[in-house]
file model.cif (mmCIF, C-alpha atoms)
data_final
#
loop_
_atom_site.label_atom_id
_atom_site.label_comp_id
_atom_site.auth_asym_id
_atom_site.auth_seq_id
_atom_site.Cartn_x
_atom_site.Cartn_y
_atom_site.Cartn_z
CA MET C 1 82.88 -5.05 90.65
CA ILE C 2 83.92 -1.61 89.48
CA ALA C 3 86.34 -0.41 86.83
CA ILE C 4 88.73 2.53 86.68
CA LEU C 5 89.74 3.76 83.23
CA MET C 6 92.75 6.06 83.06
CA ALA C 7 92.05 8.72 80.44
CA ALA C 8 93.69 11.89 81.79
CA GLY C 9 96.91 11.98 79.76
CA LEU C 10 98.00 14.19 76.88
CA GLY C 11 98.58 11.38 74.37
CA THR C 12 101.59 13.19 72.93
CA ARG C 13 102.82 10.19 70.95
CA MET C 14 99.73 10.35 68.77
CA LYS C 15 100.03 13.97 67.73
CA PRO C 16 98.66 15.72 65.70
CA LEU C 17 95.41 13.79 66.28
CA THR C 18 95.55 14.41 70.01
CA GLU C 19 95.86 18.15 69.56
CA LYS C 20 92.11 18.07 68.88
CA VAL C 21 90.87 15.00 70.72
CA PRO C 22 92.09 12.99 73.75
CA LYS C 23 93.74 9.75 72.68
CA PRO C 24 91.08 7.46 74.25
CA LEU C 25 88.50 9.17 72.00
CA VAL C 26 90.45 8.55 68.79
CA LYS C 27 88.30 6.30 66.63
CA VAL C 28 89.41 2.90 65.36
CA PHE C 29 87.10 1.21 62.84
CA GLY C 30 84.59 3.97 63.56
CA LYS C 31 84.45 3.64 67.36
CA SER C 32 86.47 5.47 69.99
CA MET C 33 89.00 3.26 71.73
CA ILE C 34 87.57 3.87 75.20
CA GLU C 35 84.14 2.69 74.05
CA THR C 36 85.55 -0.69 73.06
CA ILE C 37 86.69 -1.05 76.68
CA ILE C 38 83.40 0.16 78.14
CA ASP C 39 81.43 -2.19 75.89
CA GLY C 40 83.39 -5.11 77.32
CA LEU C 41 83.18 -3.95 80.93
CA GLU C 42 79.60 -2.74 81.27
CA THR C 43 78.14 -6.25 81.46
CA VAL C 44 80.51 -7.42 84.20
CA VAL C 45 80.95 -4.39 86.48
CA GLU C 46 78.45 -2.21 88.28
CA LYS C 47 80.18 1.14 87.82
CA ILE C 48 82.87 2.44 85.47
CA TYR C 49 84.88 5.45 86.59
CA VAL C 50 86.76 7.35 83.87
CA ILE C 51 89.62 9.47 85.18
CA VAL C 52 89.79 12.55 82.96
CA GLY C 53 92.10 15.53 82.66
CA TYR C 54 93.18 16.65 79.18
CA LYS C 55 90.17 17.97 77.24
CA LYS C 56 87.95 16.53 79.95
CA GLU C 57 84.75 18.02 78.54
CA GLN C 58 84.96 15.76 75.49
CA PHE C 59 84.26 12.71 77.66
CA GLU C 60 80.90 14.01 78.89
CA PHE C 61 78.95 12.17 76.20
CA LEU C 62 79.95 8.84 77.77
CA THR C 63 77.85 9.56 80.87
CA LYS C 64 74.80 10.05 78.67
CA LYS C 65 75.45 7.06 76.43
CA TYR C 66 76.25 4.63 79.25
CA GLN C 67 74.19 4.70 82.46
CA ASN C 68 76.98 3.21 84.60
CA VAL C 69 79.82 5.53 83.51
CA PHE C 70 80.99 8.33 85.81
CA LEU C 71 83.78 10.88 85.38
CA ILE C 72 86.42 11.73 87.98
CA GLU C 73 88.72 14.67 87.33
CA ASN C 74 92.48 14.41 87.80
CA THR C 75 93.56 18.00 88.40
CA GLU C 76 97.25 17.03 88.59
CA TYR C 77 97.68 15.27 85.25
CA GLN C 78 99.92 17.98 83.78
CA THR C 79 102.45 18.00 86.63
CA ILE C 80 102.38 14.52 88.17
CA ASN C 81 102.75 11.14 86.45
CA ASN C 82 99.83 8.70 86.20
CA ILE C 83 100.07 7.84 89.89
CA SER C 84 97.89 10.95 90.14
CA SER C 85 95.00 9.25 88.34
CA ILE C 86 94.80 6.45 90.90
CA HIS C 87 95.11 9.05 93.65
CA ALA C 88 92.20 10.94 92.10
CA ALA C 89 90.14 7.74 92.29
CA ARG C 90 91.02 7.00 95.92
CA GLU C 91 87.42 7.40 97.14
CA VAL C 92 86.28 4.48 94.95
CA MET C 93 89.52 2.49 94.88
CA GLY C 94 89.18 -0.33 97.38
CA THR C 95 85.39 -0.23 97.62
CA ASP C 96 85.04 -3.40 95.55
CA ASP C 97 86.91 -5.77 93.26
CA CYS C 98 88.31 -3.60 90.51
CA PHE C 99 89.53 -3.59 86.93
CA ILE C 100 92.11 -0.89 86.19
CA CYS C 101 92.60 -0.19 82.49
CA GLU C 102 94.43 2.26 80.31
CA ALA C 103 91.73 3.99 78.30
CA ASP C 104 93.63 4.15 75.01
CA LEU C 105 93.30 0.48 74.08
CA PHE C 106 91.33 -1.10 71.26
CA ILE C 107 89.63 -4.21 72.61
CA SER C 108 88.83 -6.58 69.76
CA ASP C 109 87.62 -9.43 72.01
CA LEU C 110 85.16 -8.23 74.64
CA SER C 111 85.13 -11.63 76.33
CA ILE C 112 88.50 -10.93 77.98
CA PHE C 113 86.63 -9.19 80.81
CA LYS C 114 84.45 -12.25 81.46
CA ALA C 115 87.35 -14.47 82.48
CA LYS C 116 86.84 -16.17 85.85
CA LEU C 117 89.52 -14.37 87.82
CA THR C 118 90.11 -15.79 91.28
CA SER C 119 93.05 -13.61 92.31
CA SER C 120 94.59 -10.23 91.55
CA CYS C 121 96.51 -10.12 88.29
CA TYR C 122 97.83 -8.21 85.34
CA TYR C 123 96.73 -9.25 81.88
CA GLY C 124 99.86 -10.08 79.91
CA VAL C 125 100.93 -10.92 76.36
CA TYR C 126 103.86 -13.32 76.10
CA VAL C 127 106.71 -11.95 73.99
CA LYS C 128 109.50 -14.28 72.96
CA GLY C 129 112.88 -12.56 72.82
CA TYR C 130 113.87 -9.14 74.12
CA SER C 131 111.30 -6.44 74.89
CA ASP C 132 111.95 -2.86 75.99
CA ASP C 133 108.35 -2.50 77.14
CA TRP C 134 106.95 -3.05 80.65
CA VAL C 135 107.33 -6.73 81.55
CA PHE C 136 106.72 -9.12 84.44
CA ASP C 137 109.36 -11.27 86.10
CA GLN C 138 107.82 -14.34 87.75
CA ASP C 139 108.94 -17.00 90.20
CA ASP C 140 108.50 -20.74 89.69
CA SER C 141 104.95 -20.60 91.04
CA GLY C 142 103.94 -17.83 88.62
CA LEU C 143 103.85 -14.99 91.13
CA ILE C 144 105.09 -11.67 89.76
CA THR C 145 108.41 -10.68 91.33
CA ARG C 146 109.05 -7.50 89.31
CA VAL C 147 106.98 -5.03 87.34
CA GLY C 148 109.29 -2.90 85.24
CA LYS C 149 110.83 -2.17 81.88
CA PHE C 150 113.00 -4.49 79.78
CA GLY C 151 113.13 -8.26 79.71
CA THR C 152 113.59 -11.35 77.55
CA ASP C 153 110.98 -14.09 77.05
CA LYS C 154 108.51 -12.40 79.38
CA TYR C 155 104.85 -11.55 79.61
CA ASN C 156 104.41 -7.92 78.61
CA MET C 157 101.99 -5.49 80.19
CA CYS C 158 99.00 -4.74 77.96
CA GLY C 159 97.10 -2.11 79.93
CA VAL C 160 94.51 -4.22 81.80
CA SER C 161 94.70 -5.40 85.41
CA PHE C 162 92.36 -6.79 88.05
CA PHE C 163 92.55 -6.40 91.83
CA THR C 164 90.41 -7.86 94.56
CA LYS C 165 88.98 -5.34 97.02
CA ASP C 166 91.67 -5.93 99.64
CA LYS C 167 94.53 -5.62 97.16
CA ALA C 168 93.05 -2.44 95.69
CA LYS C 169 93.02 -0.98 99.22
CA ILE C 170 96.73 -1.80 99.60
CA ILE C 171 97.56 0.12 96.42
CA ARG C 172 95.34 3.05 97.40
CA ASP C 173 96.88 3.31 100.87
CA ALA C 174 100.43 3.01 99.51
CA ILE C 175 99.79 5.89 97.11
CA ASP C 176 98.22 7.97 99.89
CA GLU C 177 101.36 7.35 101.97
CA LEU C 178 103.62 8.43 99.11
CA TYR C 179 101.60 11.62 98.73
CA THR C 180 102.79 12.65 102.20
CA LYS C 181 106.37 12.68 100.88
CA PRO C 182 106.85 15.49 98.35
CA GLY C 183 109.67 14.79 95.92
CA GLU C 184 109.27 11.00 96.10
CA TYR C 185 106.13 10.33 94.08
CA GLU C 186 105.65 12.93 91.37
CA GLN C 187 107.44 11.03 88.59
CA LEU C 188 106.09 7.58 89.48
CA TYR C 189 103.81 5.44 87.38
CA TRP C 190 101.11 3.76 89.44
CA ASP C 191 102.64 0.44 88.37
CA ASP C 192 105.82 1.48 90.20
CA VAL C 193 103.76 1.50 93.40
CA VAL C 194 102.49 -1.98 92.60
CA ASN C 195 106.10 -3.09 92.12
CA MET C 196 107.00 -1.68 95.55
CA ASN C 197 104.31 -3.82 97.19
CA LEU C 198 104.50 -7.14 95.38
CA ASP C 199 105.32 -8.98 98.59
CA VAL C 200 101.83 -8.30 99.93
CA LEU C 201 99.89 -8.07 96.66
CA LYS C 202 100.76 -11.59 95.43
CA LEU C 203 99.95 -11.02 91.75
CA ASN C 204 99.76 -13.45 88.84
CA VAL C 205 99.66 -12.95 85.09
CA HIS C 206 96.45 -13.66 83.19
CA PRO C 207 97.56 -14.55 79.64
CA VAL C 208 95.88 -12.97 76.63
CA ARG C 209 96.76 -12.81 72.94
CA ARG C 210 98.09 -9.69 71.29
CA GLU C 211 95.16 -9.51 68.88
CA GLN C 212 92.68 -9.32 71.77
CA ILE C 213 94.06 -6.07 73.22
CA ILE C 214 95.57 -3.70 70.65
CA GLU C 215 97.87 -0.88 71.74
CA LEU C 216 98.24 1.91 69.17
CA ASP C 217 100.88 4.45 70.14
CA SER C 218 101.26 6.57 67.01
CA VAL C 219 99.38 7.80 63.96
CA LYS C 220 101.56 5.50 61.85
CA GLU C 221 100.48 2.47 63.87
CA LEU C 222 96.84 3.58 63.72
CA GLU C 223 96.98 4.00 59.94
CA ALA C 224 98.56 0.57 59.52
CA PHE C 225 95.91 -1.05 61.71
CA ASP C 226 92.90 0.87 60.35
CA PRO C 227 93.56 2.39 56.90
CA ASN C 228 90.18 4.17 56.97
CA TYR C 229 90.79 6.18 60.14
CA LYS C 230 90.98 9.48 58.22
CA ASN C 231 87.30 9.09 57.31
CA TYR C 232 86.17 9.36 60.94
CA ASN C 233 85.21 12.74 62.35
#

call {"tool": "encode", "arguments": {"input": "model.cif", "output": "structure tokens"}}
result
Amino acid sequence: MIAILMAAGLGTRMKPLTEKVPKPLVKVFGKSMIETIIDGLETVVEKIYVIVGYKKEQFEFLTKKYQNVFLIENTEYQTINNISSIHAAREVMGTDDCFICEADLFISDLSIFKAKLTSSCYYGVYVKGYSDDWVFDQDDSGLITRVGKFGTDKYNMCGVSFFTKDKAKIIRDAIDELYTKPGEYEQLYWDDVVNMNLDVLKLNVHPVRREQIIELDSVKELEAFDPNYKNYN
């Protein structure tokens, strides 16, 4: 297997910290968030590709610390939504079974990557009641019928997904096709492309608990989760 970590963005919601450091490199309990993901992945995948853009040079240390980490530059991250990061990884996307992860997550339970996954899926946290986050609608068999914002009593997206080699190729080719149509793709999230192709992707939800994958979107949330964060350089 391989893994693609999406680390190109500006991380504007965590300013002023991200004025100096990319959000995936913000430390939580003394370790950068992206390293908690890599530590979980490196024992189960052969290669980890980190898609970089904003302050890309700060990620270089990862290639020295981890022998199976490689950087891929997204040169479009400032003008095109995160569909551009998957497009930047198109030469490796579809070469093997693949984890795709947001790089600004704090993984507290590394075993989540060792689950025996038999089909393509999104990891999801069940939220009872209304959520304005990205959610998954499912049919009676559990197949995802919609990936999008807003929903009630739904599994919520938590930034980790897994695709078999053939399904990764479908996503790659769909994005390549969109890139031939200027004006139609620039504002898309890569998950929008997944939503457009659910009929052929046949995705399920792999349930996880909120405490296993922590999403921290602001300095206030970071401070509440890790009161000592100001001590980290």

call {"tool": "closest_residue", "arguments": {"input": "model.cif", "among": "C:Glu223, C:Gln78, C:Ala174, C:Glu91", "to": "Thr12 of chain C", "atoms": "only C-alpha atoms"}}
result
C:Gln78

call {"tool": "resolve_selection", "arguments": {"input": "model.cif", "expression": "the PyMOL selection byres ((chain C and resi 168) around 9)", "output": "PyMOL selection string"}}
result
chain C and resi 93-98+120+162-167+169-173+201

call {"tool": "write_last_selection", "arguments": {"input": "model.cif", "atoms": "C-alpha atoms", "output": "tab-separated table (two decimals), in the frame of the given file"}}
result
chain	number	residue	atom	x	y	z
C	93	MET	CA	89.52	2.49	94.88
C	94	GLY	CA	89.18	-0.33	97.38
C	95	THR	CA	85.39	-0.23	97.62
C	96	ASP	CA	85.04	-3.40	95.55
C	97	ASP	CA	86.91	-5.77	93.26
C	98	CYS	CA	88.31	-3.60	90.51
C	120	SER	CA	94.59	-10.23	91.55
C	162	PHE	CA	92.36	-6.79	88.05
C	163	PHE	CA	92.55	-6.40	91.83
C	164	THR	CA	90.41	-7.86	94.56
C	165	LYS	CA	88.98	-5.34	97.02
C	166	ASP	CA	91.67	-5.93	99.64
C	167	LYS	CA	94.53	-5.62	97.16
C	169	LYS	CA	93.02	-0.98	99.22
C	170	ILE	CA	96.73	-1.80	99.60
C	171	ILE	CA	97.56	0.12	96.42
C	172	ARG	CA	95.34	3.05	97.40
C	173	ASP	CA	96.88	3.31	100.87
C	201	LEU	CA	99.89	-8.07	96.66

call {"tool": "atom_distance", "arguments": {"input": "model.cif", "atom1": "atom CA of Val194 of chain C", "atom2": "atom CA of Ala88 of chain C"}}
result
16.5 Å

call {"tool": "residues_around", "arguments": {"input": "model.cif", "residues": "segment 225-228 of chain C", "least_positions_apart": "5", "cutoff": "10 Å", "atoms": "all atoms listed in the file", "output": "list in words"}}
result
Lys27, Val28, Phe29, Gly30, Ile214, Leu216, Val219 and Lys220 of chain C

call {"tool": "atom_distance", "arguments": {"input": "model.cif", "atom1": "atom CA of Tyr77 of chain C", "atom2": "atom CA of Pro16 of chain C"}}
result
19.6 Å

call {"tool": "build_atoms", "arguments": {"input": "model.cif", "residues": "segment 134-157 of chain C", "atoms": "N, CA, C and O atoms", "output": "mmCIF file, in the coordinates of the input"}}
result
data_model
loop_
_atom_site.group_PDB
_atom_site.id
_atom_site.type_symbol
_atom_site.label_atom_id
_atom_site.label_comp_id
_atom_site.auth_asym_id
_atom_site.auth_seq_id
_atom_site.Cartn_x
_atom_site.Cartn_y
_atom_site.Cartn_z
ATOM 1 N N TRP C 134 107.179 -2.601 79.279
ATOM 2 C CA TRP C 134 106.950 -3.050 80.650
ATOM 3 C C TRP C 134 106.717 -4.560 80.636
ATOM 4 O O TRP C 134 105.898 -5.062 79.846
ATOM 5 N N VAL C 135 107.417 -5.268 81.505
ATOM 6 C CA VAL C 135 107.330 -6.730 81.550
ATOM 7 C C VAL C 135 107.148 -7.195 82.990
ATOM 8 O O VAL C 135 107.268 -6.413 83.943
ATOM 9 N N PHE C 136 106.878 -8.509 83.124
ATOM 10 C CA PHE C 136 106.720 -9.120 84.440
ATOM 11 C C PHE C 136 107.737 -10.234 84.620
ATOM 12 O O PHE C 136 107.789 -11.174 83.823
ATOM 13 N N ASP C 137 108.555 -10.133 85.659
ATOM 14 C CA ASP C 137 109.360 -11.270 86.100
ATOM 15 C C ASP C 137 108.484 -12.110 87.010
ATOM 16 O O ASP C 137 107.679 -11.577 87.789
ATOM 17 N N GLN C 138 108.639 -13.443 86.933
ATOM 18 C CA GLN C 138 107.820 -14.340 87.750
ATOM 19 C C GLN C 138 108.693 -15.411 88.397
ATOM 20 O O GLN C 138 109.728 -15.807 87.845
ATOM 21 N N ASP C 139 108.241 -15.886 89.562
ATOM 22 C CA ASP C 139 108.940 -17.000 90.200
ATOM 23 C C ASP C 139 108.400 -18.321 89.673
ATOM 24 O O ASP C 139 107.531 -18.347 88.784
ATOM 25 N N ASP C 140 108.877 -19.424 90.200
ATOM 26 C CA ASP C 140 108.500 -20.740 89.690
ATOM 27 C C ASP C 140 107.011 -21.044 89.867
ATOM 28 O O ASP C 140 106.446 -21.853 89.138
ATOM 29 N N SER C 141 106.375 -20.375 90.816
ATOM 30 C CA SER C 141 104.950 -20.600 91.040
ATOM 31 C C SER C 141 104.065 -19.693 90.190
ATOM 32 O O SER C 141 102.837 -19.820 90.213
ATOM 33 N N GLY C 142 104.696 -18.756 89.458
ATOM 34 C CA GLY C 142 103.940 -17.830 88.620
ATOM 35 C C GLY C 142 103.682 -16.485 89.234
ATOM 36 O O GLY C 142 103.159 -15.576 88.567
ATOM 37 N N LEU C 143 104.036 -16.293 90.510
ATOM 38 C CA LEU C 143 103.850 -14.990 91.130
ATOM 39 C C LEU C 143 104.787 -13.958 90.507
ATOM 40 O O LEU C 143 105.957 -14.261 90.213
ATOM 41 N N ILE C 144 104.277 -12.756 90.333
ATOM 42 C CA ILE C 144 105.090 -11.670 89.760
ATOM 43 C C ILE C 144 106.090 -11.197 90.818
ATOM 44 O O ILE C 144 105.724 -10.884 91.947
ATOM 45 N N THR C 145 107.357 -11.130 90.426
ATOM 46 C CA THR C 145 108.410 -10.680 91.330
ATOM 47 C C THR C 145 108.972 -9.311 90.943
ATOM 48 O O THR C 145 109.714 -8.713 91.711
ATOM 49 N N ARG C 146 108.638 -8.851 89.742
ATOM 50 C CA ARG C 146 109.050 -7.500 89.310
ATOM 51 C C ARG C 146 108.103 -7.006 88.244
ATOM 52 O O ARG C 146 107.716 -7.745 87.345
ATOM 53 N N VAL C 147 107.718 -5.743 88.385
ATOM 54 C CA VAL C 147 106.980 -5.030 87.340
ATOM 55 C C VAL C 147 107.874 -3.884 86.903
ATOM 56 O O VAL C 147 108.145 -2.966 87.677
ATOM 57 N N GLY C 148 108.364 -3.942 85.680
ATOM 58 C CA GLY C 148 109.290 -2.900 85.240
ATOM 59 C C GLY C 148 109.636 -3.049 83.777
ATOM 60 O O GLY C 148 109.160 -3.959 83.086
ATOM 61 N N LYS C 149 110.475 -2.175 83.301
ATOM 62 C CA LYS C 149 110.830 -2.170 81.880
ATOM 63 C C LYS C 149 111.964 -3.140 81.592
ATOM 64 O O LYS C 149 112.795 -3.410 82.446
ATOM 65 N N PHE C 150 111.949 -3.655 80.368
ATOM 66 C CA PHE C 150 113.000 -4.490 79.780
ATOM 67 C C PHE C 150 112.958 -5.935 80.286
ATOM 68 O O PHE C 150 112.835 -6.173 81.487
ATOM 69 N N GLY C 151 113.064 -6.855 79.347
ATOM 70 C CA GLY C 151 113.130 -8.260 79.710
ATOM 71 C C GLY C 151 113.128 -9.140 78.473
ATOM 72 O O GLY C 151 112.802 -8.690 77.368
ATOM 73 N N THR C 152 113.510 -10.382 78.645
ATOM 74 C CA THR C 152 113.590 -11.350 77.550
ATOM 75 C C THR C 152 112.713 -12.552 77.872
ATOM 76 O O THR C 152 112.776 -13.100 78.980
ATOM 77 N N ASP C 153 111.904 -12.963 76.883
ATOM 78 C CA ASP C 153 110.980 -14.090 77.050
ATOM 79 C C ASP C 153 110.094 -13.880 78.271
ATOM 80 O O ASP C 153 110.054 -14.687 79.203
ATOM 81 N N LYS C 154 109.361 -12.777 78.247
ATOM 82 C CA LYS C 154 108.510 -12.400 79.380
ATOM 83 C C LYS C 154 107.100 -12.078 78.908
ATOM 84 O O LYS C 154 106.859 -11.764 77.747
ATOM 85 N N TYR C 155 106.167 -12.141 79.865
ATOM 86 C CA TYR C 155 104.850 -11.550 79.610
ATOM 87 C C TYR C 155 104.991 -10.038 79.669
ATOM 88 O O TYR C 155 105.621 -9.494 80.572
ATOM 89 N N ASN C 156 104.391 -9.373 78.679
ATOM 90 C CA ASN C 156 104.410 -7.920 78.610
ATOM 91 C C ASN C 156 103.094 -7.335 79.102
ATOM 92 O O ASN C 156 102.026 -7.908 78.884
ATOM 93 N N MET C 157 103.169 -6.213 79.750
ATOM 94 C CA MET C 157 101.990 -5.490 80.190
ATOM 95 C C MET C 157 101.173 -5.067 78.966
ATOM 96 O O MET C 157 101.733 -4.657 77.953
#
